[in-house]
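Source file: coords31.pdb. Holds: PDB, C-alpha atoms.
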```
ATOM      1  CA  MET N 118       0.000   0.000   0.000
ATOM      2  CA  GLN N 119       1.422   3.348  -1.039
ATOM      3  CA  ASN N 120       1.925   6.011   1.597
ATOM      4  CA  GLU N 121      -0.638   8.769   1.252
ATOM      5  CA  LYS N 122       0.557  12.345   1.373
ATOM      6  CA  PRO N 123      -0.912  14.322   4.274
ATOM      7  CA  GLU N 124      -3.597  16.765   3.167
ATOM      8  CA  PRO N 125      -3.015  20.446   4.068
ATOM      9  CA  PHE N 126      -5.457  21.667   6.690
ATOM     10  CA  MET N 127      -6.031  25.232   7.859
ATOM     11  CA  SER N 128      -7.324  25.518  11.418
ATOM     12  CA  HIS N 129      -7.799  29.287  11.701
ATOM     13  CA  ALA N 130      -6.359  32.665  10.695
ATOM     14  CA  GLU N 131      -5.065  35.370  13.043
ATOM     15  CA  PRO N 132      -4.669  39.010  11.993
ATOM     16  CA  VAL N 133      -1.508  40.682  13.330
ATOM     17  CA  LEU N 134      -1.954  44.391  14.045
ATOM     18  CA  SER N 135       0.945  46.817  14.401
ATOM     19  CA  VAL N 136       0.556  48.800  17.625
ATOM     20  CA  LYS N 137       2.520  51.391  19.580
ATOM     21  CA  ASP N 138       2.359  49.669  22.976
ATOM     22  CA  VAL N 139       1.728  45.915  23.134
ATOM     23  CA  ALA N 140       1.080  45.711  26.892
ATOM     24  CA  GLU N 141      -1.366  48.619  26.822
ATOM     25  CA  THR N 142      -3.154  47.171  23.798
ATOM     26  CA  VAL N 143      -3.526  43.697  25.322
ATOM     27  CA  THR N 144      -4.871  45.251  28.530
ATOM     28  CA  TYR N 145      -7.422  47.283  26.543
ATOM     29  CA  TRP N 146      -8.673  44.280  24.558
ATOM     30  CA  HIS N 147      -8.916  42.255  27.771
ATOM     31  CA  GLU N 148     -10.440  44.799  30.155
ATOM     32  CA  VAL N 149     -12.537  46.940  27.791
ATOM     33  CA  LEU N 150     -13.440  44.611  24.897
ATOM     34  CA  GLY N 151     -13.714  41.597  27.197
ATOM     35  CA  PHE N 152     -11.376  39.056  25.547
ATOM     36  CA  PRO N 153     -10.586  36.561  28.341
ATOM     37  CA  GLY N 154      -7.491  34.976  26.780
ATOM     38  CA  HIS N 155      -4.419  37.237  26.697
ATOM     39  CA  TRP N 156      -0.633  36.894  26.550
ATOM     40  CA  THR N 157       2.520  38.925  25.907
ATOM     41  CA  TRP N 158       6.082  38.113  24.839
ATOM     42  CA  GLY N 159       9.268  39.918  25.765
ATOM     43  CA  THR N 160      10.400  42.325  28.500
ATOM     44  CA  PRO N 161       9.055  44.863  27.860
ATOM     45  CA  PRO N 162       6.476  43.102  25.651
ATOM     46  CA  ASN N 163       7.060  43.460  21.908
ATOM     47  CA  HIS N 164       4.412  40.955  20.858
ATOM     48  CA  GLY N 165       1.168  39.685  22.309
ATOM     49  CA  GLY N 166      -2.351  38.584  21.614
ATOM     50  CA  VAL N 167      -5.888  37.978  22.817
ATOM     51  CA  SER N 168      -8.488  35.306  22.190
ATOM     52  CA  TRP N 169     -12.153  34.614  22.814
ATOM     53  CA  HIS N 170     -13.587  31.270  21.722
ATOM     54  CA  GLY N 171     -12.710  31.109  17.999
ATOM     55  CA  ALA N 172     -11.405  34.680  17.615
ATOM     56  CA  PHE N 173      -7.647  35.297  17.882
ATOM     57  CA  ILE N 174      -5.838  38.648  17.412
ATOM     58  CA  GLN N 175      -2.083  39.251  17.647
ATOM     59  CA  PHE N 176      -0.274  42.563  18.210
ATOM     60  CA  SER N 177       3.235  43.488  17.150
ATOM     61  CA  GLY N 178       5.029  46.458  18.678
ATOM     62  CA  ASP N 179       6.119  48.829  15.893
ATOM     63  CA  ILE N 180       5.523  52.568  16.420
ATOM     64  CA  LYS N 181       6.294  53.592  12.828
ATOM     65  CA  ALA N 182       4.147  50.851  11.306
ATOM     66  CA  ALA N 183       1.331  51.607  13.752
ATOM     67  CA  ASP N 184       1.274  55.243  12.597
ATOM     68  CA  ARG N 185       1.509  54.261   8.946
ATOM     69  CA  MET N 186      -1.166  51.562   9.174
ATOM     70  CA  ARG N 187      -3.542  53.371  11.536
ATOM     71  CA  GLY N 188      -7.150  52.431  10.738
ATOM     72  CA  GLN N 189      -6.664  48.705  10.207
ATOM     73  CA  CYS N 190      -9.912  46.744  10.306
ATOM     74  CA  VAL N 191     -10.941  43.422  11.868
ATOM     75  CA  TRP N 192     -14.358  41.801  11.295
ATOM     76  CA  ILE N 193     -15.470  39.376  14.019
ATOM     77  CA  ARG N 194     -18.569  37.196  13.823
ATOM     78  CA  VAL N 195     -20.210  36.613  17.197
ATOM     79  CA  LYS N 196     -23.189  35.000  18.913
ATOM     80  CA  ASN N 197     -25.448  36.918  21.317
ATOM     81  CA  ILE N 198     -24.383  40.217  19.823
ATOM     82  CA  ARG N 199     -26.797  42.332  21.845
ATOM     83  CA  GLU N 200     -25.257  41.154  25.104
ATOM     84  CA  LEU N 201     -21.764  41.891  23.784
ATOM     85  CA  TYR N 202     -22.891  45.321  22.570
ATOM     86  CA  GLN N 203     -24.250  46.133  26.043
ATOM     87  CA  LEU N 204     -20.980  44.971  27.610
ATOM     88  CA  HIS N 205     -19.038  47.370  25.383
ATOM     89  CA  LEU N 206     -21.438  50.202  26.195
ATOM     90  CA  ASP N 207     -21.008  49.519  29.910
ATOM     91  CA  ARG N 208     -17.210  49.493  29.621
ATOM     92  CA  LYS N 209     -17.165  52.802  27.710
ATOM     93  CA  ALA N 210     -15.668  51.408  24.507
ATOM     94  CA  GLU N 211     -15.540  54.004  21.724
ATOM     95  CA  ILE N 212     -18.424  52.830  19.562
ATOM     96  CA  ILE N 213     -18.346  54.754  16.301
ATOM     97  CA  MET N 214     -21.214  52.873  14.633
ATOM     98  CA  HIS N 215     -24.002  51.631  16.832
ATOM     99  CA  LEU N 216     -25.715  48.290  16.447
ATOM    100  CA  GLU N 217     -27.971  48.180  13.432
ATOM    101  CA  LYS N 218     -29.086  45.807  10.690
ATOM    102  CA  GLN N 219     -27.093  46.019   7.467
ATOM    103  CA  PRO N 220     -28.403  45.444   3.901
ATOM    104  CA  TRP N 221     -26.251  42.302   3.601
ATOM    105  CA  GLY N 222     -28.193  40.547   6.357
ATOM    106  CA  PHE N 223     -26.014  41.104   9.452
ATOM    107  CA  GLU N 224     -26.436  43.144  12.605
ATOM    108  CA  GLU N 225     -23.176  45.024  13.147
ATOM    109  CA  TYR N 226     -21.502  47.674  15.254
ATOM    110  CA  VAL N 227     -17.988  49.132  15.105
ATOM    111  CA  VAL N 228     -15.553  49.886  17.928
ATOM    112  CA  LYS N 229     -12.460  52.085  17.506
ATOM    113  CA  ASP N 230      -9.660  50.859  19.747
ATOM    114  CA  LEU N 231      -6.892  52.854  21.436
ATOM    115  CA  ASN N 232      -4.617  52.475  18.379
ATOM    116  CA  GLY N 233      -7.206  53.881  15.977
ATOM    117  CA  ASN N 234      -8.056  50.475  14.542
ATOM    118  CA  TYR N 235     -11.631  49.431  13.811
ATOM    119  CA  ILE N 236     -13.288  46.250  15.062
ATOM    120  CA  THR N 237     -16.618  45.275  13.542
ATOM    121  CA  PHE N 238     -18.689  42.842  15.605
ATOM    122  CA  ALA N 239     -21.326  41.097  13.504
ATOM    123  CA  ALA N 240     -24.053  38.469  13.769
ATOM    124  CA  PRO N 241     -26.652  37.199  11.284
ATOM    125  CA  ALA N 242     -29.786  39.304  11.591
ATOM    126  CA  ALA N 243     -33.081  37.732  12.514
ATOM    127  CA  SER N 244     -35.212  36.840   9.517
ATOM    128  CA  GLY N 245     -37.888  39.348  10.475
ATOM    129  CA  ARG N 246     -40.634  36.770  10.023
ATOM    130  CA  GLU N 247     -43.419  36.592  12.564
ATOM    131  CA  SER N 248     -42.156  34.269  15.273
ATOM    132  CA  LYS N 249     -45.548  33.027  16.459
ATOM    133  CA  SER N 250     -46.804  29.675  15.198
ATOM    134  CA  GLU N 251     -50.345  28.447  14.773
ATOM    135  CA  PRO N 252     -51.598  25.696  17.091
ATOM    136  CA  LEU N 253     -51.092  22.115  15.940
ATOM    137  CA  PRO N 254     -54.103  21.224  13.743
ATOM    138  CA  ALA N 255     -56.451  18.637  15.270
ATOM    139  CA  HIS N 256     -56.140  16.347  12.245
ATOM    140  CA  VAL N 257     -52.357  15.977  12.621
ATOM    141  CA  ARG N 258     -51.026  13.033  14.585
ATOM    142  CA  THR N 259     -47.519  11.811  15.293
ATOM    143  CA  LEU N 260     -46.343   8.222  15.475
ATOM    144  CA  GLY N 261     -43.347   6.012  14.902
ATOM    145  CA  ARG N 262     -43.166   4.097  11.641
ATOM    146  CA  ALA N 263     -40.854   3.594   8.671
ATOM    147  CA  LEU N 264     -40.876   6.042   5.760
ATOM    148  CA  THR N 265     -41.056   4.977   2.148
ATOM    149  CA  THR N 266     -38.518   6.409  -0.282
ATOM    150  CA  GLY N 267     -41.353   8.280  -1.996
ATOM    151  CA  GLU N 268     -42.531   9.886   1.247
ATOM    152  CA  TYR N 269     -38.965  10.884   2.121
ATOM    153  CA  ARG N 270     -38.313  12.414  -1.308
ATOM    154  CA  LYS N 271     -41.561  14.389  -1.245
ATOM    155  CA  LEU N 272     -40.649  15.945   2.101
ATOM    156  CA  ALA N 273     -37.052  16.632   1.049
ATOM    157  CA  GLU N 274     -38.122  18.317  -2.198
ATOM    158  CA  SER N 275     -40.631  20.503  -0.347
ATOM    159  CA  VAL N 276     -37.881  21.945   1.902
ATOM    160  CA  GLY N 277     -35.392  22.410  -0.928
ATOM    161  CA  TRP N 278     -33.094  19.489  -0.204
ATOM    162  CA  SER N 279     -31.863  18.274  -3.562
ATOM    163  CA  GLY N 280     -30.287  14.811  -3.502
ATOM    164  CA  THR N 281     -28.724  12.483  -6.023
ATOM    165  CA  GLN N 282     -29.192   9.260  -4.048
ATOM    166  CA  THR N 283     -30.714   6.345  -5.900
ATOM    167  CA  ASP N 284     -33.790   4.654  -4.431
ATOM    168  CA  GLU N 285     -31.566   1.716  -3.460
ATOM    169  CA  VAL N 286     -29.128   3.898  -1.477
ATOM    170  CA  LEU N 287     -31.959   5.908   0.082
ATOM    171  CA  GLN N 288     -33.698   2.701   1.154
ATOM    172  CA  GLN N 289     -30.466   1.503   2.796
ATOM    173  CA  LYS N 290     -30.343   4.807   4.695
ATOM    174  CA  LEU N 291     -33.949   4.435   5.866
ATOM    175  CA  ASP N 292     -33.378   0.800   6.844
ATOM    176  CA  ALA N 293     -30.438   1.860   9.031
ATOM    177  CA  THR N 294     -32.604   4.015  11.298
ATOM    178  CA  LEU N 295     -33.418   2.892  14.817
ATOM    179  CA  PHE N 296     -36.612   4.924  14.904
ATOM    180  CA  THR N 297     -38.497   7.271  12.596
ATOM    181  CA  ALA N 298     -40.989   9.784  13.954
ATOM    182  CA  ILE N 299     -43.541  11.061  11.469
ATOM    183  CA  ALA N 300     -46.348  13.582  11.449
ATOM    184  CA  GLU N 301     -49.367  12.574   9.402
ATOM    185  CA  ASN N 302     -52.376  14.435   8.041
ATOM    186  CA  THR N 303     -55.112  12.033   9.162
ATOM    187  CA  GLU N 304     -57.559  13.408   6.583
ATOM    188  CA  THR N 305     -55.368  12.339   3.662
ATOM    189  CA  GLY N 306     -52.815   9.933   5.115
ATOM    190  CA  GLU N 307     -50.018  12.186   3.822
ATOM    191  CA  VAL N 308     -46.731  12.339   5.739
ATOM    192  CA  ILE N 309     -46.061  16.024   6.482
ATOM    193  CA  GLY N 310     -43.051  15.792   8.798
ATOM    194  CA  CYS N 311     -40.364  13.433  10.014
ATOM    195  CA  ALA N 312     -37.185  12.923  12.039
ATOM    196  CA  LEU N 313     -34.771   9.984  11.824
ATOM    197  CA  VAL N 314     -32.929   8.484  14.794
ATOM    198  CA  LEU N 315     -29.724   6.540  14.134
ATOM    199  CA  GLY N 316     -26.971   5.205  16.390
ATOM    200  CA  ASP N 317     -25.626   2.091  18.087
ATOM    201  CA  GLY N 318     -28.731   1.642  20.239
ATOM    202  CA  LEU N 319     -26.635   1.582  23.394
ATOM    203  CA  SER N 320     -24.494   4.636  24.062
ATOM    204  CA  PHE N 321     -24.959   6.999  21.125
ATOM    205  CA  PHE N 322     -28.005   8.252  19.227
ATOM    206  CA  TYR N 323     -28.053  10.783  16.401
ATOM    207  CA  ILE N 324     -31.066  12.714  15.112
ATOM    208  CA  LYS N 325     -31.049  13.815  11.481
ATOM    209  CA  ASP N 326     -33.297  14.839   8.601
ATOM    210  CA  VAL N 327     -35.825  16.736  10.694
ATOM    211  CA  MET N 328     -38.216  17.973   7.995
ATOM    212  CA  VAL N 329     -41.649  19.594   7.842
ATOM    213  CA  HIS N 330     -43.411  20.006   4.509
ATOM    214  CA  ARG N 331     -43.333  23.650   3.476
ATOM    215  CA  ASP N 332     -47.163  23.844   3.441
ATOM    216  CA  TRP N 333     -47.262  22.772   7.104
ATOM    217  CA  GLN N 334     -44.477  24.850   8.581
ATOM    218  CA  ARG N 335     -45.161  27.197  11.519
ATOM    219  CA  LYS N 336     -48.038  25.008  12.680
ATOM    220  CA  GLN N 337     -46.208  23.213  15.549
ATOM    221  CA  VAL N 338     -45.661  20.119  13.383
ATOM    222  CA  GLY N 339     -41.883  20.108  13.930
ATOM    223  CA  SER N 340     -42.322  20.445  17.688
ATOM    224  CA  ALA N 341     -44.772  17.524  17.695
ATOM    225  CA  VAL N 342     -42.316  15.359  15.742
ATOM    226  CA  MET N 343     -39.494  16.152  18.174
ATOM    227  CA  ARG N 344     -41.753  15.326  21.138
ATOM    228  CA  GLU N 345     -42.355  11.931  19.525
ATOM    229  CA  VAL N 346     -38.582  11.464  19.222
ATOM    230  CA  LYS N 347     -38.148  12.455  22.873
ATOM    231  CA  ARG N 348     -40.793   9.947  23.972
ATOM    232  CA  TRP N 349     -39.017   7.145  22.125
ATOM    233  CA  LEU N 350     -35.590   8.104  23.487
ATOM    234  CA  ASP N 351     -36.891   8.398  27.046
ATOM    235  CA  ALA N 352     -38.350   4.892  26.745
ATOM    236  CA  ASN N 353     -35.504   3.189  24.862
ATOM    237  CA  ALA N 354     -32.166   4.964  25.352
ATOM    238  CA  PRO N 355     -30.091   3.614  28.279
ATOM    239  CA  HIS N 356     -29.146   5.842  31.196
ATOM    240  CA  GLY N 357     -26.145   8.034  30.287
ATOM    241  CA  ALA N 358     -26.563   7.655  26.524
ATOM    242  CA  LEU N 359     -25.484  10.612  24.385
ATOM    243  CA  VAL N 360     -27.967  12.061  21.877
ATOM    244  CA  GLY N 361     -26.606  14.422  19.221
ATOM    245  CA  LEU N 362     -27.728  16.510  16.282
ATOM    246  CA  PHE N 363     -26.395  19.308  14.093
ATOM    247  CA  THR N 364     -28.304  22.554  13.627
ATOM    248  CA  GLY N 365     -27.828  26.197  12.787
ATOM    249  CA  HIS N 366     -27.621  28.697  15.646
ATOM    250  CA  GLY N 367     -30.995  30.177  14.725
ATOM    251  CA  LEU N 368     -32.758  26.858  15.356
ATOM    252  CA  ALA N 369     -31.161  26.241  18.757
ATOM    253  CA  PRO N 370     -34.235  27.471  20.735
ATOM    254  CA  PHE N 371     -36.432  25.004  18.808
ATOM    255  CA  TYR N 372     -34.352  21.996  19.878
ATOM    256  CA  GLN N 373     -33.851  23.315  23.400
ATOM    257  CA  GLN N 374     -37.588  22.714  23.933
ATOM    258  CA  THR N 375     -36.845  18.979  24.030
ATOM    259  CA  GLY N 376     -33.803  19.180  26.269
ATOM    260  CA  PHE N 377     -30.914  19.765  23.860
ATOM    261  CA  GLY N 378     -28.051  22.110  24.719
ATOM    262  CA  GLU N 379     -25.239  23.648  22.698
ATOM    263  CA  ALA N 380     -21.894  21.840  22.559
ATOM    264  CA  PHE N 381     -18.556  22.080  20.779
ATOM    265  CA  GLY N 382     -17.215  19.321  18.562
ATOM    266  CA  MET N 383     -15.502  18.408  15.329
ATOM    267  CA  ILE N 384     -16.670  16.799  12.114
ATOM    268  CA  ARG N 385     -15.113  15.407   8.974
ATOM    269  CA  ILE N 386     -16.921  15.053   5.635
ATOM    270  CA  ILE N 387     -15.618  12.292   3.343
ATOM    271  CA  ASP N 388     -14.862  13.802  -0.071
ATOM    272  CA  ARG N 389     -14.352  11.018  -2.578
ATOM    273  CA  SER N 390     -13.218  13.508  -5.242
ATOM    274  CA  GLN N 391     -10.058  14.080  -3.165
ATOM    275  CA  LEU N 392      -9.238  10.380  -2.829
ATOM    276  CA  GLY N 393      -7.016   8.964  -5.508
TER     277      GLY N 393
END
```

Please render this file's structure as structure tokens.
Amino acid sequence: MQNEKPEPFMSHAEPVLSVKDVAETVTYWHEVLGFPGHWTWGTPPNHGGVSWHGAFIQFSGDIKAADRMRGQCVWIRVKNIRELYQLHLDRKAEIIMHLEKQPWGFEEYVVKDLNGNYITFAAPAASGRESKSEPLPAHVRTLGRALTTGEYRKLAESVGWSGTQTDEVLQQKLDATLFTAIAENTETGEVIGCALVLGDGLSFFYIKDVMVHRDWQRKQVGSAVMREVKRWLDANAPHGALVGLFTGHGLAPFYQQTGFGEAFGMIRIIDRSQLG
């Protein structure tokens, strides 16, 4: 077997800003902007940095470069931006653009630091859609049963999930599930929502393909499907078992209704086009 060459992998990028005083700058970013991680190098410090979760900034002491490059910009994507904005207001940061929604779909505000550099804090803006849902219709029921490939494809197409799986591969995927929760329109027998549960049946369970037909969204159908999943897990998953799922940040409150919490992790997607 031939040795495979290691594939290059980039973990993150860190801007390096030229500043007049490294120690003073690190203190400002820590005490005023709130970055908990901070370090310096040298006596007196000529290099340093700060960090907060996935954001890392380095500072290099160079008075001439700091004057020449005054006005450098850093864009940082955050969660819970309103809480961070209030923190910066409370700590008297120099906010030169207050929090507001931008045409490109982000809420942003800009802080000018003690070196004259600009830090934009940004988060995806809310969709603006009415957040209230209608009550679950009386003729919708939830239950556990297998999906047919046709039922799965109809749901997937309605939510814009385009797939190239053959019926044979899709059937293998459906056969591999431990449990499938569905929502059904009892007047027509049509499946209008689903969620698949996979795993080893002992220590790990994974929920995927939570779908609600576009004509039935915002009617509590998704919540009813997840309650059906929760009932099955509560009855069948052993004590201490881990249940996971992937979701966008905007949907976190939906899944928190059934006991899920945010967590950090890693994933790898197999890309056959990169395998020789």

Calculate, to one decimal in Å, the centre and edge lengths of the box along x, y and z of the file that holds all listed atoms of segment 259-263 of chain N with 5 Å of margin on each side, and present them as lines of an AutoDock Vina configuration file.
```
center_x = -44.2
center_y = 7.7
center_z = 12.1
size_x = 16.7
size_y = 18.2
size_z = 16.8
```

Can you list, as a list in words, every protein, DNA or RNA residue that comes within 10 Å of Thr259 of chain N when you count all atoms listed in the file, leaving out same-chain residues fewer than 5 positions away? Ala298, Ile299, Ala300, Glu301, Asn302, Thr303, Val308, Ile309, Gly310, Cys311, Val338, Ala341, Val342, Met343, Arg344, Glu345 and Val346 of chain N

Would you translate the PyMOL selection byres ((chain N and resi 292) around 12) into the concrete set of residues it matches in this file, as a PyMOL selection string? chain N and resi 262-266+284-291+293-297+313-315

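Residue selection for this entry, given the PyMOL selection byres ((chain N and resi 166) around 10), comprises Glu131, Pro132, Val133, Leu134, Val139, Ala140, Thr142, Val143, Thr144, Trp146, His147, Phe152, Gly154, His155, Trp156, Thr157, Trp158, His164, Gly165, Val167, Ser168, Phe173, Ile174, Gln175, Phe176 and Ser177 of chain N.
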
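Omitting Gly151 of chain N and its sequence neighbours fewer than 3 positions away, and counting only C-alpha atoms, the residues within 9 Å are Tyr145, Trp146, His147, Glu148, Trp169, Leu201, Leu204, His205 and Arg208 of chain N.
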
Please return as a VMD selection string every residue within 10 Å of (-27.1, 11.6, 26.2), taking into account all atoms listed in the file and the file's own coordinates. chain N and resid 320 to 323 350 354 to 361 377

Counting only C-alpha atoms, the residue of N:Gly277, N:Gly233, N:Gly367, N:Pro123 that sits nearest Glu379 of chain N: N:Gly367

Evaluate the PyMOL selection byres ((chain N and resi 212) around 6) on the structure here and hand back the selected residues as a PDB file with C-alpha atoms, in the coordinates of the input.
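Output saved as expr_3.pdb:
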```pdb
ATOM      1  CA  ALA N 210     -15.668  51.408  24.507  1.00  0.00           C
ATOM      2  CA  GLU N 211     -15.540  54.004  21.724  1.00  0.00           C
ATOM      3  CA  ILE N 213     -18.346  54.754  16.301  1.00  0.00           C
ATOM      4  CA  MET N 214     -21.214  52.873  14.633  1.00  0.00           C
ATOM      5  CA  VAL N 227     -17.988  49.132  15.105  1.00  0.00           C
ATOM      6  CA  VAL N 228     -15.553  49.886  17.928  1.00  0.00           C
TER       7      VAL N 228
END
```

Report the distance between atom CA of Trp192 of chain N and atom CA of Ala172 of chain N in Å, rounded to one decimal place. 10.0 Å
